[in-house]
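**Q** final.pdb (PDB, C-alpha atoms) pasted underneath:
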MODEL        1
ATOM      1  CA  MET T   1       4.418  18.732  48.140
ATOM      2  CA  LEU T   2       2.171  15.694  47.843
ATOM      3  CA  PRO T   3       0.176  16.400  51.053
ATOM      4  CA  ALA T   4      -0.536  19.872  49.727
ATOM      5  CA  VAL T   5      -1.789  18.401  46.470
ATOM      6  CA  VAL T   6      -4.091  16.041  48.368
ATOM      7  CA  LYS T   7      -5.509  18.922  50.394
ATOM      8  CA  LEU T   8      -6.009  21.009  47.262
ATOM      9  CA  CYS T   9      -7.825  18.185  45.472
ATOM     10  CA  CYS T  10      -9.988  17.555  48.518
ATOM     11  CA  GLY T  11     -10.898  21.220  48.743
ATOM     12  CA  ILE T  12     -11.842  21.400  45.087
ATOM     13  CA  SER T  13     -13.976  18.290  45.414
ATOM     14  CA  TYR T  14     -15.943  19.301  48.507
ATOM     15  CA  PRO T  15     -18.752  21.297  46.804
ATOM     16  CA  HIS T  16     -19.400  18.370  44.466
ATOM     17  CA  LEU T  17     -19.450  15.792  47.253
ATOM     18  CA  ARG T  18     -22.398  17.455  48.911
ATOM     19  CA  THR T  19     -24.587  16.805  45.869
ATOM     20  CA  MET T  20     -23.396  13.307  44.959
ATOM     21  CA  ALA T  21     -25.676  10.308  45.252
ATOM     22  CA  GLY T  22     -25.847   6.663  44.363
ATOM     23  CA  LEU T  23     -22.768   4.891  43.075
ATOM     24  CA  GLN T  24     -20.632   8.031  43.068
ATOM     25  CA  ARG T  25     -21.136   8.800  46.749
ATOM     26  CA  ARG T  26     -20.450   5.239  47.832
ATOM     27  CA  ALA T  27     -17.294   5.117  45.734
ATOM     28  CA  ILE T  28     -16.128   8.490  47.084
ATOM     29  CA  ALA T  29     -16.731   7.207  50.617
ATOM     30  CA  ALA T  30     -14.467   4.269  49.852
ATOM     31  CA  ILE T  31     -11.812   6.663  48.553
ATOM     32  CA  GLY T  32     -12.160   8.632  51.782
ATOM     33  CA  GLN T  33     -11.409   5.514  53.790
ATOM     34  CA  GLU T  34      -8.200   5.034  51.846
ATOM     35  CA  LEU T  35      -7.150   8.677  52.341
ATOM     36  CA  ALA T  36      -7.784   8.234  56.060
ATOM     37  CA  HIS T  37      -5.524   5.198  55.894
ATOM     38  CA  MET T  38      -2.793   7.391  54.406
ATOM     39  CA  GLN T  39      -3.304   9.893  57.223
ATOM     40  CA  ARG T  40      -2.800   7.226  59.867
ATOM     41  CA  ASN T  41       0.523   6.323  58.237
ATOM     42  CA  GLY T  42       1.650   9.944  58.397
ATOM     43  CA  GLN T  43       1.629  10.310  54.628
ATOM     44  CA  THR T  44      -0.800  13.242  54.529
ATOM     45  CA  GLN T  45      -3.112  15.323  56.693
ATOM     46  CA  LEU T  46      -6.757  15.582  55.743
ATOM     47  CA  PRO T  47      -8.566  18.932  55.998
ATOM     48  CA  THR T  48     -11.196  19.357  58.692
ATOM     49  CA  TRP T  49     -14.117  19.366  56.213
ATOM     50  CA  THR T  50     -13.673  15.624  55.575
ATOM     51  CA  SER T  51     -15.753  14.928  58.675
ATOM     52  CA  HIS T  52     -18.763  16.497  56.907
ATOM     53  CA  VAL T  53     -18.867  13.685  54.333
ATOM     54  CA  GLY T  54     -18.432  10.886  56.848
ATOM     55  CA  TRP T  55     -14.743  10.149  56.343
ATOM     56  CA  GLN T  56     -13.402   8.658  59.542
ATOM     57  CA  THR T  57     -10.048  10.080  60.571
ATOM     58  CA  GLY T  58      -7.034   8.145  61.655
ATOM     59  CA  THR T  59      -7.238   9.672  65.149
ATOM     60  CA  ALA T  60     -10.715   8.265  65.765
ATOM     61  CA  GLN T  61      -9.700   4.852  64.560
ATOM     62  CA  HIS T  62      -6.534   4.983  66.666
ATOM     63  CA  GLN T  63      -8.558   5.790  69.779
ATOM     64  CA  HIS T  64     -10.867   2.885  69.017
ATOM     65  CA  SER T  65      -7.863   0.591  68.729
ATOM     66  CA  GLU T  66      -6.445   1.846  72.023
ATOM     67  CA  SER T  67      -9.720   1.342  73.836
ATOM     68  CA  SER T  68     -10.029  -2.205  72.573
ATOM     69  CA  ARG T  69      -6.333  -2.849  73.389
ATOM     70  CA  ARG T  70      -5.653  -4.345  70.005
ATOM     71  CA  GLU T  71      -2.115  -4.516  68.708
ATOM     72  CA  VAL T  72      -1.710  -2.143  65.754
ATOM     73  CA  VAL T  73       0.689  -3.131  62.986
ATOM     74  CA  ASN T  74       1.441  -0.210  60.664
ATOM     75  CA  PRO T  75       1.876  -1.105  56.976
ATOM     76  CA  VAL T  76       4.894   0.034  55.008
ATOM     77  CA  PRO T  77       4.357   3.676  53.910
ATOM     78  CA  LEU T  78       3.633   4.097  50.227
ATOM     79  CA  LYS T  79       6.113   5.814  47.961
ATOM     80  CA  GLU T  80       5.210   9.003  46.118
ATOM     81  CA  GLU T  81       5.095   7.171  42.792
ATOM     82  CA  GLU T  82       2.690   4.614  44.264
ATOM     83  CA  LEU T  83       0.446   7.371  45.591
ATOM     84  CA  LEU T  84       0.398   8.864  42.097
ATOM     85  CA  TYR T  85      -0.958   5.616  40.653
ATOM     86  CA  ILE T  86      -3.552   5.389  43.417
ATOM     87  CA  ARG T  87      -4.696   8.928  42.604
ATOM     88  CA  ARG T  88      -4.954   8.054  38.914
ATOM     89  CA  GLY T  89      -7.004   4.997  39.789
ATOM     90  CA  HIS T  90      -9.322   7.107  41.964
ATOM     91  CA  GLU T  91      -9.768   9.631  39.177
ATOM     92  CA  ALA T  92     -10.501   6.949  36.580
ATOM     93  CA  LEU T  93     -13.108   5.315  38.815
ATOM     94  CA  THR T  94     -14.817   8.613  39.616
ATOM     95  CA  LYS T  95     -14.962   9.716  35.967
ATOM     96  CA  ALA T  96     -16.297   6.328  34.869
ATOM     97  CA  LEU T  97     -19.016   6.439  37.518
ATOM     98  CA  ASP T  98     -19.985   9.892  36.270
ATOM     99  CA  ILE T  99     -20.655   8.340  32.859
ATOM    100  CA  VAL T 100     -22.605   5.402  34.308
ATOM    101  CA  GLU T 101     -24.716   7.602  36.582
ATOM    102  CA  ASP T 102     -25.690   9.997  33.802
ATOM    103  CA  LYS T 103     -28.957   8.483  32.554
ATOM    104  CA  ASN T 104     -29.222  10.692  29.492
ATOM    105  CA  GLY T 105     -28.389   9.484  26.000
ATOM    106  CA  TRP T 106     -28.245   5.726  26.562
ATOM    107  CA  LYS T 107     -29.695   3.498  23.842
ATOM    108  CA  THR T 108     -30.177  -0.268  23.851
ATOM    109  CA  GLU T 109     -27.459  -1.827  21.724
ATOM    110  CA  LEU T 110     -28.310  -5.516  22.078
ATOM    111  CA  THR T 111     -30.149  -7.935  24.372
ATOM    112  CA  GLU T 112     -29.140 -11.552  24.994
ATOM    113  CA  GLU T 113     -31.403 -14.456  25.993
ATOM    114  CA  ASN T 114     -29.434 -14.962  29.223
ATOM    115  CA  GLY T 115     -30.397 -11.483  30.424
ATOM    116  CA  ASP T 116     -27.327  -9.524  29.318
ATOM    117  CA  VAL T 117     -28.286  -6.059  28.090
ATOM    118  CA  ILE T 118     -25.803  -3.656  26.528
ATOM    119  CA  TYR T 119     -26.505   0.054  26.194
ATOM    120  CA  SER T 120     -24.469   2.624  24.309
ATOM    121  CA  LYS T 121     -24.083   6.374  24.233
ATOM    122  CA  VAL T 122     -21.876   8.846  22.383
ATOM    123  CA  LEU T 123     -19.675  11.097  24.499
ATOM    124  CA  SER T 124     -18.200  14.423  23.494
ATOM    125  CA  GLY T 125     -15.611  13.947  20.796
ATOM    126  CA  ASP T 126     -17.819  11.386  19.046
ATOM    127  CA  ARG T 127     -16.551   8.522  21.225
ATOM    128  CA  LYS T 128     -18.995   5.686  21.786
ATOM    129  CA  VAL T 129     -19.059   3.832  25.105
ATOM    130  CA  PHE T 130     -20.917   0.671  26.087
ATOM    131  CA  ARG T 131     -22.560  -0.328  29.377
ATOM    132  CA  LEU T 132     -23.336  -3.967  30.083
ATOM    133  CA  GLU T 133     -25.915  -4.848  32.751
ATOM    134  CA  THR T 134     -26.476  -8.425  33.897
ATOM    135  CA  VAL T 135     -26.843 -10.739  36.901
ATOM    136  CA  LEU T 136     -24.173 -13.280  37.822
ATOM    137  CA  ASP T 137     -24.564 -16.346  40.030
ATOM    138  CA  ALA T 138     -21.837 -15.370  42.481
ATOM    139  CA  THR T 139     -21.193 -12.949  45.322
ATOM    140  CA  PRO T 140     -19.334  -9.679  44.737
ATOM    141  CA  GLU T 141     -16.359 -11.114  46.629
ATOM    142  CA  GLU T 142     -16.220 -14.209  44.421
ATOM    143  CA  ILE T 143     -16.389 -12.156  41.234
ATOM    144  CA  HIS T 144     -13.796  -9.675  42.427
ATOM    145  CA  HIS T 145     -11.475 -12.476  43.539
ATOM    146  CA  ILE T 146     -11.385 -13.843  39.994
ATOM    147  CA  LEU T 147     -11.183 -10.491  38.198
ATOM    148  CA  TRP T 148      -8.369  -9.150  40.376
ATOM    149  CA  LYS T 149      -6.131 -12.152  39.660
ATOM    150  CA  VAL T 150      -5.248 -10.561  36.351
ATOM    151  CA  GLU T 151      -2.184 -12.692  35.621
ATOM    152  CA  GLU T 152      -4.415 -15.789  35.619
ATOM    153  CA  MET T 153      -7.069 -14.314  33.359
ATOM    154  CA  HIS T 154      -5.642 -15.785  30.157
ATOM    155  CA  GLN T 155      -6.410 -19.238  31.603
ATOM    156  CA  TRP T 156     -10.157 -18.724  31.232
ATOM    157  CA  ASN T 157     -10.484 -15.818  28.793
ATOM    158  CA  PRO T 158      -9.307 -16.731  25.263
ATOM    159  CA  SER T 159      -9.192 -13.085  24.212
ATOM    160  CA  ILE T 160      -6.090 -12.531  26.368
ATOM    161  CA  LYS T 161      -2.621 -13.763  25.544
ATOM    162  CA  ASN T 162      -1.105 -12.573  28.801
ATOM    163  CA  ILE T 163      -1.277  -9.882  31.493
ATOM    164  CA  LYS T 164       1.750  -8.845  33.529
ATOM    165  CA  VAL T 165       1.659  -6.759  36.718
ATOM    166  CA  LEU T 166       4.417  -4.168  36.313
ATOM    167  CA  LYS T 167       3.884  -2.158  39.490
ATOM    168  CA  GLN T 168       1.872  -2.674  42.675
ATOM    169  CA  ALA T 169       0.716   0.332  44.697
ATOM    170  CA  GLY T 170      -0.747  -1.192  47.844
ATOM    171  CA  PRO T 171      -3.327  -3.988  47.646
ATOM    172  CA  GLU T 172      -5.917  -1.953  45.708
ATOM    173  CA  THR T 173      -3.917  -0.525  42.791
ATOM    174  CA  MET T 174      -1.616  -1.893  40.115
ATOM    175  CA  VAL T 175      -0.150  -1.059  36.733
ATOM    176  CA  THR T 176      -0.456  -3.829  34.156
ATOM    177  CA  HIS T 177       0.615  -4.625  30.617
ATOM    178  CA  GLU T 178      -1.843  -6.712  28.631
ATOM    179  CA  VAL T 179      -1.560  -8.341  25.249
ATOM    180  CA  SER T 180      -4.711  -9.503  23.508
ATOM    181  CA  ALA T 181      -4.716 -12.883  21.795
ATOM    182  CA  GLU T 182      -4.743 -13.514  18.076
ATOM    183  CA  THR T 183      -8.078 -15.257  17.630
ATOM    184  CA  ALA T 184      -9.897 -16.134  14.443
ATOM    185  CA  GLY T 185     -12.719 -13.735  13.654
ATOM    186  CA  ASN T 186     -11.343 -10.942  15.876
ATOM    187  CA  LEU T 187     -12.422  -7.814  14.023
ATOM    188  CA  ILE T 188     -10.144  -5.481  15.984
ATOM    189  CA  GLY T 189      -6.958  -7.523  15.837
ATOM    190  CA  GLN T 190      -4.160  -7.902  18.366
ATOM    191  CA  ARG T 191      -3.505  -4.958  20.675
ATOM    192  CA  ASP T 192      -1.506  -4.232  23.806
ATOM    193  CA  PHE T 193      -2.593  -2.075  26.750
ATOM    194  CA  LEU T 194      -0.772  -0.294  29.557
ATOM    195  CA  SER T 195      -3.273   0.456  32.318
ATOM    196  CA  VAL T 196      -3.638   1.470  35.918
ATOM    197  CA  ARG T 197      -6.257  -0.633  37.738
ATOM    198  CA  HIS T 198      -7.852   0.198  41.050
ATOM    199  CA  PHE T 199     -10.635  -1.107  43.240
ATOM    200  CA  SER T 200     -12.598   0.195  46.217
ATOM    201  CA  ARG T 201     -15.141  -1.317  48.574
ATOM    202  CA  GLN T 202     -18.111   0.408  50.136
ATOM    203  CA  GLU T 203     -20.327  -1.701  52.349
ATOM    204  CA  SER T 204     -21.263  -4.751  50.258
ATOM    205  CA  CYS T 205     -20.423  -3.197  46.860
ATOM    206  CA  ILE T 206     -17.129  -3.486  45.001
ATOM    207  CA  TYR T 207     -15.948  -0.963  42.410
ATOM    208  CA  LEU T 208     -13.168  -1.595  39.903
ATOM    209  CA  GLY T 209     -11.845   1.255  37.787
ATOM    210  CA  GLY T 210      -9.068   1.750  35.299
ATOM    211  CA  ALA T 211      -7.568   3.848  32.565
ATOM    212  CA  ALA T 212      -4.622   3.940  30.218
ATOM    213  CA  THR T 213      -1.349   5.136  31.697
ATOM    214  CA  HIS T 214       2.224   5.721  30.568
ATOM    215  CA  LEU T 215       5.597   4.458  31.714
ATOM    216  CA  GLU T 216       8.821   5.816  30.258
ATOM    217  CA  SER T 217      10.395   2.463  31.031
ATOM    218  CA  PHE T 218       7.709   0.610  29.057
ATOM    219  CA  PRO T 219       7.095   2.293  25.682
ATOM    220  CA  PRO T 220       4.820   0.807  22.990
ATOM    221  CA  GLN T 221       6.020  -2.640  21.971
ATOM    222  CA  LYS T 222       7.226  -3.459  18.484
ATOM    223  CA  GLY T 223       4.643  -5.346  16.473
ATOM    224  CA  PHE T 224       1.632  -4.137  18.494
ATOM    225  CA  VAL T 225      -0.823  -1.286  18.229
ATOM    226  CA  ARG T 226      -1.105   0.207  21.710
ATOM    227  CA  ALA T 227      -4.766   0.818  22.429
ATOM    228  CA  GLU T 228      -6.050   2.980  25.284
ATOM    229  CA  ASP T 229      -8.936   2.256  27.606
ATOM    230  CA  GLY T 230     -10.732   4.274  30.169
ATOM    231  CA  PRO T 231     -11.954   5.740  32.143
ATOM    232  CA  THR T 232     -13.788   2.478  32.645
ATOM    233  CA  CYS T 233     -15.334   0.678  35.575
ATOM    234  CA  ILE T 234     -17.090  -2.405  36.886
ATOM    235  CA  VAL T 235     -19.669  -2.178  39.671
ATOM    236  CA  ILE T 236     -20.588  -5.378  41.529
ATOM    237  CA  GLU T 237     -23.577  -5.183  43.866
ATOM    238  CA  PRO T 238     -25.300  -8.040  45.722
ATOM    239  CA  LEU T 239     -28.962  -8.567  44.865
ATOM    240  CA  ALA T 240     -31.091  -7.428  47.771
ATOM    241  CA  ASP T 241     -33.562 -10.321  47.560
ATOM    242  CA  ASP T 242     -31.233 -13.113  46.446
ATOM    243  CA  THR T 243     -28.078 -13.823  48.462
ATOM    244  CA  GLY T 244     -25.272 -15.350  46.484
ATOM    245  CA  ARG T 245     -26.044 -13.444  43.270
ATOM    246  CA  SER T 246     -24.806 -10.066  42.061
ATOM    247  CA  HIS T 247     -25.775  -7.291  39.709
ATOM    248  CA  PHE T 248     -22.851  -6.679  37.367
ATOM    249  CA  THR T 249     -22.344  -3.374  35.533
ATOM    250  CA  TRP T 250     -19.425  -2.909  33.154
ATOM    251  CA  LEU T 251     -18.624   0.339  31.358
ATOM    252  CA  LEU T 252     -16.389  -0.306  28.347
ATOM    253  CA  ASN T 253     -14.668   2.829  27.099
ATOM    254  CA  MET T 254     -11.878   2.106  24.646
ATOM    255  CA  ASP T 255      -9.875   3.706  21.857
ATOM    256  CA  VAL T 256      -8.461   0.819  19.829
ATOM    257  CA  LYS T 257      -6.204   3.155  17.788
ATOM    258  CA  GLY T 258      -5.035   2.125  14.341
ATOM    259  CA  TRP T 259      -7.008   2.763  11.167
ATOM    260  CA  LEU T 260     -10.102   0.669  11.752
ATOM    261  CA  PRO T 261     -13.431   2.242  10.726
ATOM    262  CA  LYS T 262     -15.614   3.232  13.659
ATOM    263  CA  SER T 263     -18.431   1.084  12.323
ATOM    264  CA  ILE T 264     -16.311  -2.043  12.734
ATOM    265  CA  VAL T 265     -15.083  -1.043  16.194
ATOM    266  CA  ASN T 266     -18.579  -0.213  17.422
ATOM    267  CA  GLN T 267     -19.790  -3.589  16.198
ATOM    268  CA  ALA T 268     -16.947  -5.535  17.817
ATOM    269  CA  LEU T 269     -16.842  -3.962  21.295
ATOM    270  CA  PRO T 270     -20.340  -4.901  22.545
ATOM    271  CA  ARG T 271     -19.867  -8.438  21.205
ATOM    272  CA  ALA T 272     -16.602  -8.563  23.146
ATOM    273  CA  GLN T 273     -18.534  -7.691  26.321
ATOM    274  CA  VAL T 274     -20.972 -10.531  25.706
ATOM    275  CA  ASP T 275     -18.124 -12.964  25.017
ATOM    276  CA  PHE T 276     -16.206 -11.893  28.120
ATOM    277  CA  THR T 277     -19.264 -12.282  30.352
ATOM    278  CA  ARG T 278     -19.848 -15.748  28.907
ATOM    279  CA  CYS T 279     -16.274 -16.720  29.820
ATOM    280  CA  LEU T 280     -16.659 -15.205  33.276
ATOM    281  CA  ARG T 281     -19.836 -17.205  33.921
ATOM    282  CA  ARG T 282     -18.055 -20.391  32.891
ATOM    283  CA  ARG T 283     -15.146 -19.570  35.219
ATOM    284  CA  LEU T 284     -17.465 -18.821  38.143
ATOM    285  CA  ALA T 285     -19.257 -22.136  37.624
ATOM    286  CA  GLU T 286     -15.963 -23.990  38.010
ATOM    287  CA  GLY T 287     -15.509 -22.766  41.571
ATOM    288  CA  PRO T 288     -12.737 -20.824  43.315
ATOM    289  CA  THR T 289      -9.981 -23.467  43.148
ATOM    290  CA  GLN T 290     -10.546 -24.941  39.697
ATOM    291  CA  ARG T 291      -7.478 -25.054  37.428
ATOM    292  CA  HIS T 292      -7.998 -23.869  33.887
ATOM    293  CA  THR T 293      -6.774 -24.444  30.385
ATOM    294  CA  ASN T 294      -7.214 -21.881  27.663
ATOM    295  CA  HIS T 295      -9.503 -23.297  24.971
ATOM    296  CA  HIS T 296      -9.560 -20.996  21.963
ATOM    297  CA  ALA T 297     -12.839 -20.810  20.070
ATOM    298  CA  PRO T 298     -11.944 -20.454  16.375
ATOM    299  CA  THR T 299     -15.172 -18.794  15.228
ATOM    300  CA  VAL T 300     -15.892 -16.345  18.046
ATOM    301  CA  SER T 301     -14.676 -12.754  17.978
ATOM    302  CA  ARG T 302     -13.129 -11.860  21.309
ATOM    303  CA  ALA T 303     -11.510  -8.728  22.631
ATOM    304  CA  ARG T 304      -9.967  -7.783  25.908
ATOM    305  CA  GLN T 305     -11.332  -7.934  29.427
ATOM    306  CA  PRO T 306     -12.082  -4.810  31.462
ATOM    307  CA  PRO T 307      -9.160  -3.113  33.183
ATOM    308  CA  HIS T 308      -9.567  -2.511  35.423
ATOM    309  CA  THR T 309      -8.104  -3.474  34.625
ATOM    310  CA  LEU T 310      -9.412  -1.132  36.220
ATOM    311  CA  SER T 311      -6.556  -2.188  34.211
ATOM    312  CA  ASP T 312      -9.825  -2.707  33.673
ATOM    313  CA  THR T 313      -9.965  -2.533  36.776
ATOM    314  CA  HIS T 314     -10.169  -3.599  33.377
TER
ENDMDL
END
Any chance you could give the structure as structure tokens?
**A**
Amino acid sequence: MLPAVVKLCCGISYPHLRTMAGLQRRAIAAIGQELAHMQRNGQTQLPTWTSHVGWQTGTAQHQHSESSRREVVNPVPLKEEELLYIRRGHEALTKALDIVEDKNGWKTELTEENGDVIYSKVLSGDRKVFRLETVLDATPEEIHHILWKVEEMHQWNPSIKNIKVLKQAGPETMVTHEVSAETAGNLIGQRDFLSVRHFSRQESCIYLGGAATHLESFPPQKGFVRAEDGPTCIVIEPLADDTGRSHFTWLLNMDVKGWLPKSIVNQALPRAQVDFTRCLRRRLAEGPTQRHTNHHAPTVSRARQPPHTLSDTH
């Protein structure tokens, strides 16, 4: 049944792929590479139209491997449940990029002296999202390496108490449970999150996406308000004229649940983005092998990291 679902989704998507540009098209190309990977493992067959959008098929890659006489080691086939999480990660990333790419309705929320700029817009349903744009002194690979080690994130981000990877679906997708820390001045309060996180690469750019998910085996935890994030994304692109630095875009899209007034939530979330980016800069400055201790700042309001995430993510 699953191969048929993949074909159906591909067929529905084809008319839209022809008109995509920018971040969306590069992310979709990365998704195509992963679907081709599934095809090589015998997990699904791609329709013939995929060649029109530049998705390389497993047959072509196999022939290339044969001609170069390289030894091919097939990975363990993914289970159906794992493919479901990968699909959810793909969908979250695509929807988040749709929001980022839509230039209409964005307003400047705040500007920091270090160059961080946060924009906001209101989506249908009166939900406000926030987009941070900044430059970081690291390569996309270095940034991604730190962000994807989610279980270590509490060591350098005081807003996080812990993150646990519950399920792994290949190297690019995981399901995580996150608990935010109880920090003084936190306007939102402690929350927990259950998220699917996914990343894709296209040329020199890295895309992380995520969204809330559900597990029957992991219901909301006693004593916590389960918030929901997503679709959300992070886009990391190298600067064309400055090697070693990256343009960093983070879409924060979160429903904190509970009974907090929207005015308080909309004040806290962009500040959380600024605080997170400050922590990330500090972590990047320490280098790739630096060990960390979690120093809590008693007067700074901090919220969670992106999922993706995805989870984010998160």
**Q** Can you tell me, as a tab-separated table (two decimals) with C-alpha atoms, keeping the file's coordinate frame, what residues are no more than 12 Å from stretch 111-120 of chain T when counting all atoms listed in the file, ignoring any on the same chain fewer than 4 positions away?
**A**
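After the write, selection01.tsv holds the following:
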chain	number	residue	atom	x	y	z
T	99	ILE	CA	-20.66	8.34	32.86
T	100	VAL	CA	-22.60	5.40	34.31
T	103	LYS	CA	-28.96	8.48	32.55
T	104	ASN	CA	-29.22	10.69	29.49
T	105	GLY	CA	-28.39	9.48	26.00
T	106	TRP	CA	-28.24	5.73	26.56
T	107	LYS	CA	-29.70	3.50	23.84
T	127	ARG	CA	-16.55	8.52	21.22
T	128	LYS	CA	-19.00	5.69	21.79
T	129	VAL	CA	-19.06	3.83	25.10
T	130	PHE	CA	-20.92	0.67	26.09
T	131	ARG	CA	-22.56	-0.33	29.38
T	132	LEU	CA	-23.34	-3.97	30.08
T	133	GLU	CA	-25.92	-4.85	32.75
T	134	THR	CA	-26.48	-8.43	33.90
T	135	VAL	CA	-26.84	-10.74	36.90
T	136	LEU	CA	-24.17	-13.28	37.82
T	137	ASP	CA	-24.56	-16.35	40.03
T	247	HIS	CA	-25.78	-7.29	39.71
T	248	PHE	CA	-22.85	-6.68	37.37
T	249	THR	CA	-22.34	-3.37	35.53
T	250	TRP	CA	-19.42	-2.91	33.15
T	251	LEU	CA	-18.62	0.34	31.36
T	252	LEU	CA	-16.39	-0.31	28.35
T	253	ASN	CA	-14.67	2.83	27.10
T	266	ASN	CA	-18.58	-0.21	17.42
T	267	GLN	CA	-19.79	-3.59	16.20
T	269	LEU	CA	-16.84	-3.96	21.30
T	270	PRO	CA	-20.34	-4.90	22.54
T	271	ARG	CA	-19.87	-8.44	21.20
T	272	ALA	CA	-16.60	-8.56	23.15
T	273	GLN	CA	-18.53	-7.69	26.32
T	274	VAL	CA	-20.97	-10.53	25.71
T	275	ASP	CA	-18.12	-12.96	25.02
T	276	PHE	CA	-16.21	-11.89	28.12
T	277	THR	CA	-19.26	-12.28	30.35
T	278	ARG	CA	-19.85	-15.75	28.91
T	281	ARG	CA	-19.84	-17.20	33.92
**Q** Once 5 Å is added on each side, what are the centre and the three edge lengths, in Å to one decimal, of the axis-aligned box enclosing the listed atoms of stretch 219-237 of chain T? Present them as AutoDock Vina command-line options.
**A**
--center_x -8.2 --center_y 0.2 --center_z 30.2 --size_x 40.8 --size_y 21.1 --size_z 37.4
**Q** Compile the contact shell of T:Gly223 as a list in words: residues with an atom at most 12 Å away, counting all atoms listed in the file, same-chain residues fewer than 2 positions apart removed.
**A**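 Close residues of T:Gly223: Val179, Gly189, Gln190, Arg191, Asp192, Pro220, Gln221, Val225 and Arg226 of chain T.
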**Q** Give me the result of the PyMOL selection byres ((chain T and resi 161-169) around 7) on this file, residue by residue, as a ChimeraX atom specification.
**A** /T:82,85-86,150-151,154,159-160,170-171,173-181
**Q** Taking only C-alpha atoms into account, name the residue in T:Thr139, T:Ser204, T:Glu237, T:Leu280 that is nearest to T:Gln155.
**A** T:Leu280
**Q** One number please: atom CA of T:Leu284 to atom CA of T:Pro238, in Å, one decimal.
**A**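 Distance reported for this atom pair: 15.3 Å.
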**Q** Would you compute the distance between atom CA of T:Thr213 and atom CA of T:Ser195? Give it in Å to one decimal.
**A** 5.1 Å
**Q** Enter the distance from atom CA of T:Ser217 to atom CA of T:Arg88, in Å, rounded to one decimal.
**A**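 According to the coordinates, atom CA of T:Ser217 and atom CA of T:Arg88 are separated by 18.1 Å.
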